Every structure is written in structure tokens, then in C-alpha cells.
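Q: Before anything else, here's the structure in question.
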Protein chains: 2
Amino acid sequence: MRILVIGAGAVGGFYGGLLARTGCQVSVLARTDFEQIRDNGISIRSDSEFGAWHFQPHRTLAPGKTLETPPDLILLCVKLTDTVNRVALLQPHLGKGTAIVLLCNGVEIEAEIANAFPRHRLISALAFVCVTRTAPGMIWHQAFGGLAIGDYPHGESKDSAALAKAFRTAGLDCELTENITLARWKKCLWNAAFNPLSVLSGGLDTQQLLAEAEPLVRAIMGEVETIANALGHSLSPEFIDDQIEKTRSASPYKTSMLLDYEADRPMETEAIIGNTLRAAKRVGVSAPHLETLYTLIRMHGPQAH
Amino acid sequence: MRILVIGAGAVGGFYGGLLARTGCQVSVLARTDFEQIRDNGISIRSDSEFGAWHFQPHRTLAPGKTLETPPDLILLCVKLTDTVNRVALLQPHLGKGTAIVLLCNGVEIEAEIANAFPRHRLISALAFVCVTRTAPGMIWHQAFGGLAIGDYPHGESKDSAALAKAFRTAGLDCELTENITLARWKKCLWNAAFNPLSVLSGGLDTQQLLAEAEPLVRAIMGEVETIANALGHSLSPEFIDDQIEKTRSASPYKTSMLLDYEADRPMETEAIIGNTLRAAKRVGVSAPHLETLYTLIRMHGPQAH
């Protein structure tokens with residue numbers, strides 16, 4: 001499989017690097033760190049079973065450059081922030097049969113791409129991973145790594161099945177689902193609570209948030225559950241309890257939104273919270289806790305004020 | 001009138017200093033700045049019509065000391081924070097006929113004092129003022145200064161009438177009201193919105209908050225209005241609009257909670273927000289926006305974490 005990873009940050013480097021180890025031909029488009037990666041590749045150190053390895057992409061592209069032959073599959077691994085134009089990023093690299101994989105957080109993030117490229121297979125994917133870019137071309141994988149993938153808007157295809165197989169060959173837990181939208185709402189339920197609270201609390205980790213704000217965490221999760229249910233994506237009645245217990249039994253960690261905030265990078269506010277509230281409005285569900293967080297979080301971060 | 005001001009900070013120094021100018025015999029109990037005030041009094045500079053003046057208290061008491069003759073009236077001007085024991089502060093200074101005046105923010109802050117001292121006249125008072133202690137014994141009055149006072153739980157008395165007269169003689173706009181509880185809810189409606197938002201937004205002033213969060217400000221005010229109505233304290237239908245417009249037409253300023261937060265002082269979270277939410281619970285009113293702010297604000301400030 002010939003793969004182009006767009007966005008050679010923590011997520012793109014980690015998953016691209018694992019796919020390369022399975023024999024996929026993986027190139028990257030590096031928006032930052034281009035020279036570093038072209039000259040030295042990407043060094044990855046994992047605290048779990050993947051060990052440490054060097055990932056030398058088949059080709060390293062600077063922005064504006066393309067592969068001679070379009071790839072079978074593009075893995076779009078960019079954070080969804082206000083400054084990213086995903087359509088413009090994808091456009092130059094698409095060949096006739098190129099499948100697009102969106103590997104990112106958030107809900108309702110696919111329609112824009114599906115509308116822009118209706119002739120291309122669109123695969124939607126979620127990563128459950130703690131991974132950080134520690135320096136140009138340096139990636140530290142701290143924990144987890146599992147994926148959920150499926151065709152958008154629903155179903156499975158040979159493309160998604162082949163990708164799931166490649167991820168599994170690389171040693172990852174990859175769920176191939178016929179309903180990736182439900183999977184997105186499930187992940188969003190956790191993200192919509194813990195991500196903004198971690199920033200707005202002044203920097204608390206997951207365990208501290210549970211200790212000081214569990215009722216609020218549950219209230220927010222309850223709002224997301226109601227929205228998902230109203231959209232026809234039913235979560236099991238014990239889903240919230242399960243999420244709380246899983247978080248409680250995991251090591252404390254800082255959310256990705258908090259890490260972005262502390263590094264003065266844009267946060268994925270719209271993909272995670274804004275899109276959730278727009279969906280709520282569409283189906284007439286009230287979400288006052290989440291609304292409060294949304295207003296507050298938009299007053300933070302590098303674009304604020 | 002012989003007055004003891006307990007708490008010679010910005011509010012106590014400003015109002016005590018104005019009453020002293022009218023001929024009241026005003027002593028102060030200084031919890032901080034005792035030596036400075038004993039030796040040099042309090043210097044007050046007002047940006048409005050009060051000018052600059054020197055306030056030399058009749059007596060300056062250190063904590064633990066009392067006047068030889070109990071005062072006619074005690075003006076309790078302490079911020080209501082978790083570390084303040086108001087009953088213990090008042091107890092040693094009360095004579096048989098001493099009236100107690102609570103000059104502070106918040107709702108439902110009187111019952112504890114009324115229960116502790118049932119034989120004493122209890123007057124409840126609100127100050128609408130921007131005043132800051134800039135250094136030990138130095139007070140800067142920036143704007144406003146009006147008061148609302150009334151007997152607790154309701155009504156007027158010769159004591160409250162005499163105090164209102166003294167404030168007016170000092171040049172202040174002082175409303176003597178039969179329903180001070182309603183006045184507290186009206187002030188709290190503004191405070192419960194702007195105070196926590198000013199902190200949680202990362203330090204915005206009133207105008208910036210209106211520009212970036214007016215719908216949330218209105219949603220919080222709407223919750224406080226519903227709570228007040230459920231308690232029988234009916235606000236006029238246009239009250240929230242009036243509050244927004246008055247704020248918009250005033251100069252931008254930082255709330256007292258934000259100033260406390262920035263100076264790493266305790267905030268009046270319980271008096272303003274906690275008591276409001278406890279009242280809401282008692283009457284079965286839901287206030288999810290305010291609940292969210294309450295959880296967040298308690299994770300901030302000097303006592304947090």
C-alpha cells in the first residue's frame with residue numbers, strides 16, 4: 001500500500017512510522033520540520049511494546065510538492081483548528097483512486113471533505129493514543145494507541161478493511177466499525193468534558209478533575225449523550241459510568257487540549273465542542289453546561305483577544 | 001454616632017472615612033495595616049467629588065482589643081471568604097444596644113449573624129463602589145459609591161434611618177429600603193455573572209466580557225432571576241436588559257473577584273455563587289450555567305489544589 005501522511009506531527013509520525021514497519025510505502029508531507037525529516041527522518045520512542053525505531057519516509061514532501069504517482073491512500077493527520085484548510089491540503093495529492101482517511105478528533109468533521117471530493121472513498125478514523133512531538137522529528141509515544149475506523153457515512157469497504165489489517169499487522173488494536181459516527185460521539189463524550197475542563201481548571205490532569213469536578217464531568221457527558229441519542233446514535237446506559245471508571249483506573253494525564261493550550265498552540269475547540277453544540281441546536285437539545293465551557297474556552301488560547 | 005468599623009480595607013476605610021467627615025466618631029479595628037493606621041491614619045484619594053482627605057480614626061484597635069465603651073453601631077466590612085469567622089469578629093465589641101451593619105456582597109449572608117446575636121439590631125447593606133487599597137493605609141476610590149441599606153430580614157428602623165441619613169450627609173446616594181433581600185438578589189444577579197466570568201475568561205474587563213460573552217452573561221442572569229423569583233423576590237422583566245445596558249455605558253472595569261484573584265487573595269465565591277446555588281436547590285430551580293462556573297471557580301484561587 002502506498003500511503004501519503006499529511007501532517008507529520010505526533011499522530012502522523014507515530015502511525016505512519018508503524019505502517020512503514022509493516023512494509024507499506026509511507027511518504028510524508030511535512031508542514032513543519034520539513035528539512036529535519038528530509039535529512040534525518042523521524043525518531044520514535046514508545047514506552048509500550050513498540051520500542052524505539054527510526055522512520056525514514058519513502059519521500060518527504062515540502063508543502064506545495066506532490067508525489068510523482070498519487071498514493072493509494074492519504075492519511076490526513078492534522079489538528080482541526082481554524083487555520084487549517086483541509087480541502088486545500090488534500091486537493092493536489094489526490095489521484096483517481098486515492099482513498100482519504102481522516103484521522104482526527106471531533107464530531108461531524110467529515111461532511112466538508114465528502115462534499116469537496118464526492119468521487120473519493122472517505123474513511124473516518126479515531127486514535128486513542130497519548131503521543132507527543134518532543135522536538136523536530138522526535139516523537140514520544142506514552143501510552144495506548146488503539147484505533148477505530150470505518151467508511152463515511154457508514155459501512156465497511158475493501159479500503160477500510162485493508163487499512164485495518166495493516167494497522168493490526170503493525171501491532172495495533174484496530175476496530176473496524178460499520179458505524180464510525182457512533183464511535184466519534186462516544187469519543188467526543190469524553191473529550192467534550194475532560195478537554196475544556198483541563199484548560200479552564202487552570203491545568204488539572206484527569207485524576208485531579210475527577211477529584212474536584214466529577215459531578216460536572218458527568219453533567220457534560222450527560223448532555224453529549226442526550227445529543228447523540230437525539231441524532232440516533234444510542235449509547236448504552238452504563239457508558240458514562242464506564243468512561244468515568246476507565247479514567248479513574250488509568251494513570252493521570254493531561255488532555256491534548258491542555259497540552260496545546262500550555263504550548264500556546266490552537267486548540268480543537270470547534271471540532272470537539274463547537275460541532276457538538278451545533279448538532280445540539282439542530283436537534284433542539286439544550287446543553288447549558290457545555291455552552292458555558294464553549295464560551296469560556298473561546299476566550300482562551302492563541303487566537304483569543 | 002459612635003461607630004466601630006471592623007475591617008479597615010478599601011470599603012471600610014472609604015465609608016468609615018466619609019462618616020468621620022460628617023462628625024461621626026469612627027474607630028477602626030485593623031486586621032492588617034494596624035501599625036500604619038495607628039501611626040498615620042488612612043489616606044484616601046477619590047476620583048469623584050469626594051476629593052482627597054486624611055482619615056484619622058478616633059481609636060485604632062489591633063485584633064483582640066476592644067473600645068472602652070461599646071459603639072452604637074458596628075460596620076462589618078470584611079470580605080466573606082472561607083477564612084473569616086464573622087461571629088468571632090463581632091462578639092467582643094457588642095454592647096447592649098449595639099447595632100450590627102453587614103456591608104458586604106452576596107446573598108443569604110445575614111442568617112448566621114441574626115442567629116448568633118438575636119438581641120441586636122441587624123442592618124444589611126450593599127455598596128456599589130469601585131474602591132481599592134493600593135498600599136497599607138492608602139485607599140483609591142475610583143468610581144460610584146452608592147449604598148442600599150435596610151433592616152434584616154426586612155423593614156426600616158430608627159437605626160437604619162439614622163445611618164442612611166449619615167451616609168447622605170457625607171454626600172453619598174443611599175437608598176433606605178424595606179426589602180434589602182430583594183436588593184441583594186438584584187446586585188447578585190450582576191455579580192454572579194460578571195465576577196466569575198472575569199476570572200475564568202483569563203482576566204477580561206466588563207466591556208470585553210460583553211463583547212465576547214453577552215449571551216452567557218444573560219443566561220446566568222436569567223438563572224439568578226429565576227431563583228430570586230422562586231424565592232418571592234420578583235425582579236422587573238426589563239431588569240436584565242437594564243443591567244446589560246448600564247454595564248455597556250459604564251467605563252470598562254475589572255470585577256472585585258478578578259482583582260482578588262490577580263492579587264492571590266481569597267474570592268467571595270461562596271457568598272456570591274455558592275449561596276445562590278444553595279438557594280436554587282432549596283426551591284428546586286436548575287441553574288446549570290452557574291453550576292459550571294461554580295465548579296470551575298472553586299478550582300482557582302489561593303485555596304485551590
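Letters A, B, ... go to the chains of the C-alpha cells in the order shown; residues in each chain start at 1; ligands are counted from 1 in the same order.
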What are the nearest atom pairs, with distances in Å to one decimal, for all residues of stretch 103-185 of chain A that come at most 10 Å from stretch 273-296 of chain A, using only C-alpha atoms, set out by chain and rising residue number as a tab-separated table?

A:
residue	atom	partner	partner_atom	distance
A:Gly106	CA	A:Asn275	CA	7.6
A:Val107	CA	A:Asn275	CA	6.3
A:Glu108	CA	A:Asn275	CA	6.5
A:Ile109	CA	A:Asn275	CA	8.0
A:Trp185	CA	A:Thr276	CA	8.8

Q: For chain B, report every residue with an atom at most 12 Å from chain A (counting only C-alpha atoms), formatted as a PyMOL selection string.

A: chain B and resi 193+196-205+208-220+223+286-301+304-305

Q: Got a sec to tell me which of stretch 19-159 of chain B DSSP assigns to strand (DSSP E or B), as number ranges by chain?

A: B: 25-29, 42-46, 52-55, 60-61, 73-76, 99-103, 122-135, 138-151

Q: Which value, in Å to one decimal, gives the distance between atom CA of A:Gln36 and atom CA of A:Trp140?

A: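 Interatomic distance here is 16.5 Å.
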
Q: Quick one, how far is atom CA of B:Ile123 from atom CA of B:Leu103?

A: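 So the two atoms, atom CA of B:Ile123 and atom CA of B:Leu103, lie 8.7 Å apart.
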
Q: Excluding B:Ile44 and residues on its chain fewer than 5 positions from it, collect all residues at most 7 Å away from it, counting only C-alpha atoms, and give them as a PDB file with all heavy atoms, in the first residue's frame.

A:
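So out-v9.pdb came out as:
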ATOM      1  N   ALA B  52      -9.580  64.385  48.046  1.00  0.00           N
ATOM      2  CA  ALA B  52      -8.611  63.603  48.812  1.00  0.00           C
ATOM      3  C   ALA B  52      -8.683  64.078  50.254  1.00  0.00           C
ATOM      4  O   ALA B  52      -8.855  65.265  50.515  1.00  0.00           O
ATOM      5  CB  ALA B  52      -7.203  63.805  48.252  1.00  0.00           C
ATOM      6  N   TRP B  53      -8.595  63.148  51.177  1.00  0.00           N
ATOM      7  CA  TRP B  53      -8.618  63.566  52.584  1.00  0.00           C
ATOM      8  C   TRP B  53      -7.897  62.534  53.440  1.00  0.00           C
ATOM      9  O   TRP B  53      -7.578  61.431  52.992  1.00  0.00           O
ATOM     10  CB  TRP B  53     -10.041  63.827  53.074  1.00  0.00           C
ATOM     11  CG  TRP B  53     -10.879  62.613  53.383  1.00  0.00           C
ATOM     12  CD1 TRP B  53     -11.140  62.078  54.614  1.00  0.00           C
ATOM     13  CD2 TRP B  53     -11.631  61.801  52.465  1.00  0.00           C
ATOM     14  NE1 TRP B  53     -11.987  60.996  54.526  1.00  0.00           N
ATOM     15  CE2 TRP B  53     -12.306  60.799  53.203  1.00  0.00           C
ATOM     16  CE3 TRP B  53     -11.798  61.823  51.063  1.00  0.00           C
ATOM     17  CZ2 TRP B  53     -13.124  59.837  52.626  1.00  0.00           C
ATOM     18  CZ3 TRP B  53     -12.612  60.853  50.489  1.00  0.00           C
ATOM     19  CH2 TRP B  53     -13.252  59.884  51.257  1.00  0.00           C
ATOM     20  N   HIS B  54      -7.634  62.964  54.676  1.00  0.00           N
ATOM     21  CA  HIS B  54      -6.959  62.104  55.621  1.00  0.00           C
ATOM     22  C   HIS B  54      -7.967  61.677  56.685  1.00  0.00           C
ATOM     23  O   HIS B  54      -8.684  62.505  57.219  1.00  0.00           O
ATOM     24  CB  HIS B  54      -5.798  62.858  56.266  1.00  0.00           C
ATOM     25  CG  HIS B  54      -5.010  62.003  57.199  1.00  0.00           C
ATOM     26  ND1 HIS B  54      -4.119  61.049  56.750  1.00  0.00           N
ATOM     27  CD2 HIS B  54      -5.009  61.923  58.554  1.00  0.00           C
ATOM     28  CE1 HIS B  54      -3.595  60.429  57.792  1.00  0.00           C
ATOM     29  NE2 HIS B  54      -4.121  60.931  58.905  1.00  0.00           N
ATOM     30  N   MET B 138      -3.572  53.221  52.465  1.00  0.00           N
ATOM     31  CA  MET B 138      -3.814  54.052  51.272  1.00  0.00           C
ATOM     32  C   MET B 138      -5.015  53.481  50.505  1.00  0.00           C
ATOM     33  O   MET B 138      -5.019  52.315  50.133  1.00  0.00           O
ATOM     34  CB  MET B 138      -2.611  54.022  50.334  1.00  0.00           C
ATOM     35  CG  MET B 138      -1.283  54.440  50.953  1.00  0.00           C
ATOM     36  SD  MET B 138      -1.179  56.211  51.163  1.00  0.00           S
ATOM     37  CE  MET B 138      -0.895  56.692  49.454  1.00  0.00           C
ATOM     38  N   ILE B 139      -5.969  54.343  50.223  1.00  0.00           N
ATOM     39  CA  ILE B 139      -7.181  53.887  49.538  1.00  0.00           C
ATOM     40  C   ILE B 139      -7.452  54.774  48.332  1.00  0.00           C
ATOM     41  O   ILE B 139      -7.372  55.999  48.418  1.00  0.00           O
ATOM     42  CB  ILE B 139      -8.383  53.895  50.504  1.00  0.00           C
ATOM     43  CG1 ILE B 139      -8.191  52.800  51.562  1.00  0.00           C
ATOM     44  CG2 ILE B 139      -9.683  53.691  49.755  1.00  0.00           C
ATOM     45  CD1 ILE B 139      -9.221  52.836  52.656  1.00  0.00           C
ATOM     46  N   TRP B 140      -7.767  54.130  47.229  1.00  0.00           N
ATOM     47  CA  TRP B 140      -8.086  54.843  45.999  1.00  0.00           C
ATOM     48  C   TRP B 140      -9.538  54.557  45.630  1.00  0.00           C
ATOM     49  O   TRP B 140      -9.895  53.417  45.351  1.00  0.00           O
ATOM     50  CB  TRP B 140      -7.140  54.391  44.882  1.00  0.00           C
ATOM     51  CG  TRP B 140      -7.433  54.993  43.539  1.00  0.00           C
ATOM     52  CD1 TRP B 140      -7.936  56.232  43.276  1.00  0.00           C
ATOM     53  CD2 TRP B 140      -7.221  54.370  42.261  1.00  0.00           C
ATOM     54  NE1 TRP B 140      -8.057  56.425  41.922  1.00  0.00           N
ATOM     55  CE2 TRP B 140      -7.618  55.295  41.280  1.00  0.00           C
ATOM     56  CE3 TRP B 140      -6.726  53.139  41.865  1.00  0.00           C
ATOM     57  CZ2 TRP B 140      -7.553  55.008  39.916  1.00  0.00           C
ATOM     58  CZ3 TRP B 140      -6.656  52.848  40.515  1.00  0.00           C
ATOM     59  CH2 TRP B 140      -7.052  53.780  39.547  1.00  0.00           C
TER      60      TRP B 140
END

Q: Please provide as a PyMOL selection string all residues within 12 Å of B:Arg265, with the sequence filter that same-chain residues fewer than 4 positions apart are discarded (counting only C-alpha atoms).

A: chain B and resi 79-83+256-261+269+300-304

Q: Determine, counting only C-alpha atoms, which protein, DNA and RNA residues have an atom within 10 Å of an atom of B:Val11; residues of the same chain fewer than 6 positions away are not included. Present the result as a ChimeraX atom specification.

A: /B:5,17,76-79,103-104,127,129-133,139,141,145

Q: Could you check how far atom CA of B:Val26 sits from atom CA of B:Arg45, in Å to one decimal?

A: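 Atom CA of B:Arg45 lies 18.5 Å from atom CA of B:Val26.
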
Q: Could you list, as a PyMOL selection string, every residue within 12 Å of A:Gln243, counting only C-alpha atoms and ignoring same-chain residues fewer than 6 positions away?

A: chain A and resi 186-191+193-194+206+210+214+217-218+221-222+235-237+249-250

Q: Output N, CA, C and O atoms for every residue in the selection just made, as a tab-separated table (two decimals), in the first residue's frame.

A:
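File written: part_12.tsv
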chain	number	residue	atom	x	y	z
A	186	LYS	N	-18.99	8.65	20.84
A	186	LYS	CA	-18.52	8.05	22.09
A	186	LYS	C	-17.22	8.70	22.55
A	186	LYS	O	-17.04	9.00	23.72
A	187	LYS	N	-16.31	8.91	21.59
A	187	LYS	CA	-15.05	9.52	22.00
A	187	LYS	C	-15.27	10.99	22.39
A	187	LYS	O	-14.66	11.50	23.33
A	188	CYS	N	-16.17	11.64	21.66
A	188	CYS	CA	-16.44	13.05	21.93
A	188	CYS	C	-17.02	13.27	23.31
A	188	CYS	O	-16.76	14.29	23.95
A	189	LEU	N	-17.79	12.32	23.78
A	189	LEU	CA	-18.38	12.43	25.12
A	189	LEU	C	-17.28	12.61	26.16
A	189	LEU	O	-17.39	13.44	27.07
A	190	TRP	N	-16.21	11.86	26.02
A	190	TRP	CA	-15.08	12.02	26.96
A	190	TRP	C	-14.36	13.34	26.69
A	190	TRP	O	-14.11	14.13	27.61
A	191	ASN	N	-14.06	13.58	25.43
A	191	ASN	CA	-13.29	14.78	25.07
A	191	ASN	C	-14.00	16.08	25.45
A	191	ASN	O	-13.36	17.02	25.92
A	193	ALA	N	-15.92	16.73	27.78
A	193	ALA	CA	-15.87	17.00	29.22
A	193	ALA	C	-14.44	17.30	29.67
A	193	ALA	O	-14.15	18.36	30.20
A	194	PHE	N	-13.54	16.35	29.44
A	194	PHE	CA	-12.21	16.48	30.04
A	194	PHE	C	-11.34	17.54	29.36
A	194	PHE	O	-10.53	18.19	30.02
A	206	THR	N	-6.35	14.42	34.56
A	206	THR	CA	-7.61	13.67	34.60
A	206	THR	C	-8.01	13.27	36.03
A	206	THR	O	-9.18	13.36	36.39
A	210	LEU	N	-11.35	14.50	38.19
A	210	LEU	CA	-12.33	13.59	38.80
A	210	LEU	C	-12.49	13.91	40.28
A	210	LEU	O	-13.60	13.85	40.81
A	214	GLU	N	-16.10	15.82	39.45
A	214	GLU	CA	-16.80	14.67	38.83
A	214	GLU	C	-18.27	14.96	38.52
A	214	GLU	O	-18.74	14.58	37.43
A	217	VAL	N	-18.24	16.83	35.29
A	217	VAL	CA	-17.84	15.92	34.21
A	217	VAL	C	-19.04	15.08	33.77
A	217	VAL	O	-19.35	14.96	32.58
A	218	ARG	N	-19.76	14.52	34.75
A	218	ARG	CA	-20.92	13.69	34.42
A	218	ARG	C	-22.05	14.49	33.78
A	218	ARG	O	-22.74	14.01	32.88
A	221	MET	N	-21.03	15.05	30.16
A	221	MET	CA	-21.19	13.78	29.44
A	221	MET	C	-22.67	13.47	29.21
A	221	MET	O	-23.05	12.98	28.14
A	222	GLY	N	-23.49	13.78	30.18
A	222	GLY	CA	-24.94	13.55	30.03
A	222	GLY	C	-25.52	14.38	28.90
A	222	GLY	O	-26.37	13.90	28.13
A	235	LEU	N	-26.14	5.47	22.93
A	235	LEU	CA	-25.09	4.93	23.80
A	235	LEU	C	-25.77	4.04	24.85
A	235	LEU	O	-26.91	4.27	25.23
A	236	SER	N	-25.02	3.07	25.34
A	236	SER	CA	-25.58	2.20	26.36
A	236	SER	C	-25.75	2.98	27.66
A	236	SER	O	-25.00	3.93	27.92
A	237	PRO	N	-26.71	2.58	28.49
A	237	PRO	CA	-26.99	3.35	29.72
A	237	PRO	C	-25.79	3.43	30.65
A	237	PRO	O	-25.64	4.39	31.40
A	249	SER	N	-9.21	4.55	36.64
A	249	SER	CA	-8.24	3.48	36.81
A	249	SER	C	-6.99	3.67	35.93
A	249	SER	O	-6.02	2.94	36.08
A	250	ALA	N	-7.02	4.66	35.05
A	250	ALA	CA	-5.82	4.94	34.24
A	250	ALA	C	-4.89	5.88	35.00
A	250	ALA	O	-5.29	6.51	35.98

Q: With a distance cut-off of 12 Å and only C-alpha atoms, select the neighbouring residues of A:Ala161, excluding the residue or stretch itself and same-chain residues fewer than 2 positions from it, and output the selection as a PyMOL selection string.

A: chain A and resi 123+148-151+155-159+163-168+174-178

Q: I need the residues of stretch 74-191 of chain B that end up classed as helix (DSSP H, G or I) by DSSP on the backbone, written out as number ranges by chain.

A: B: 86-93, 111-116, 158-169, 180-191

Q: Between B:His233, B:Lys246, B:Arg21, B:Arg59, single out the one closest to B:Ile37, counting only C-alpha atoms.

A: B:Arg59
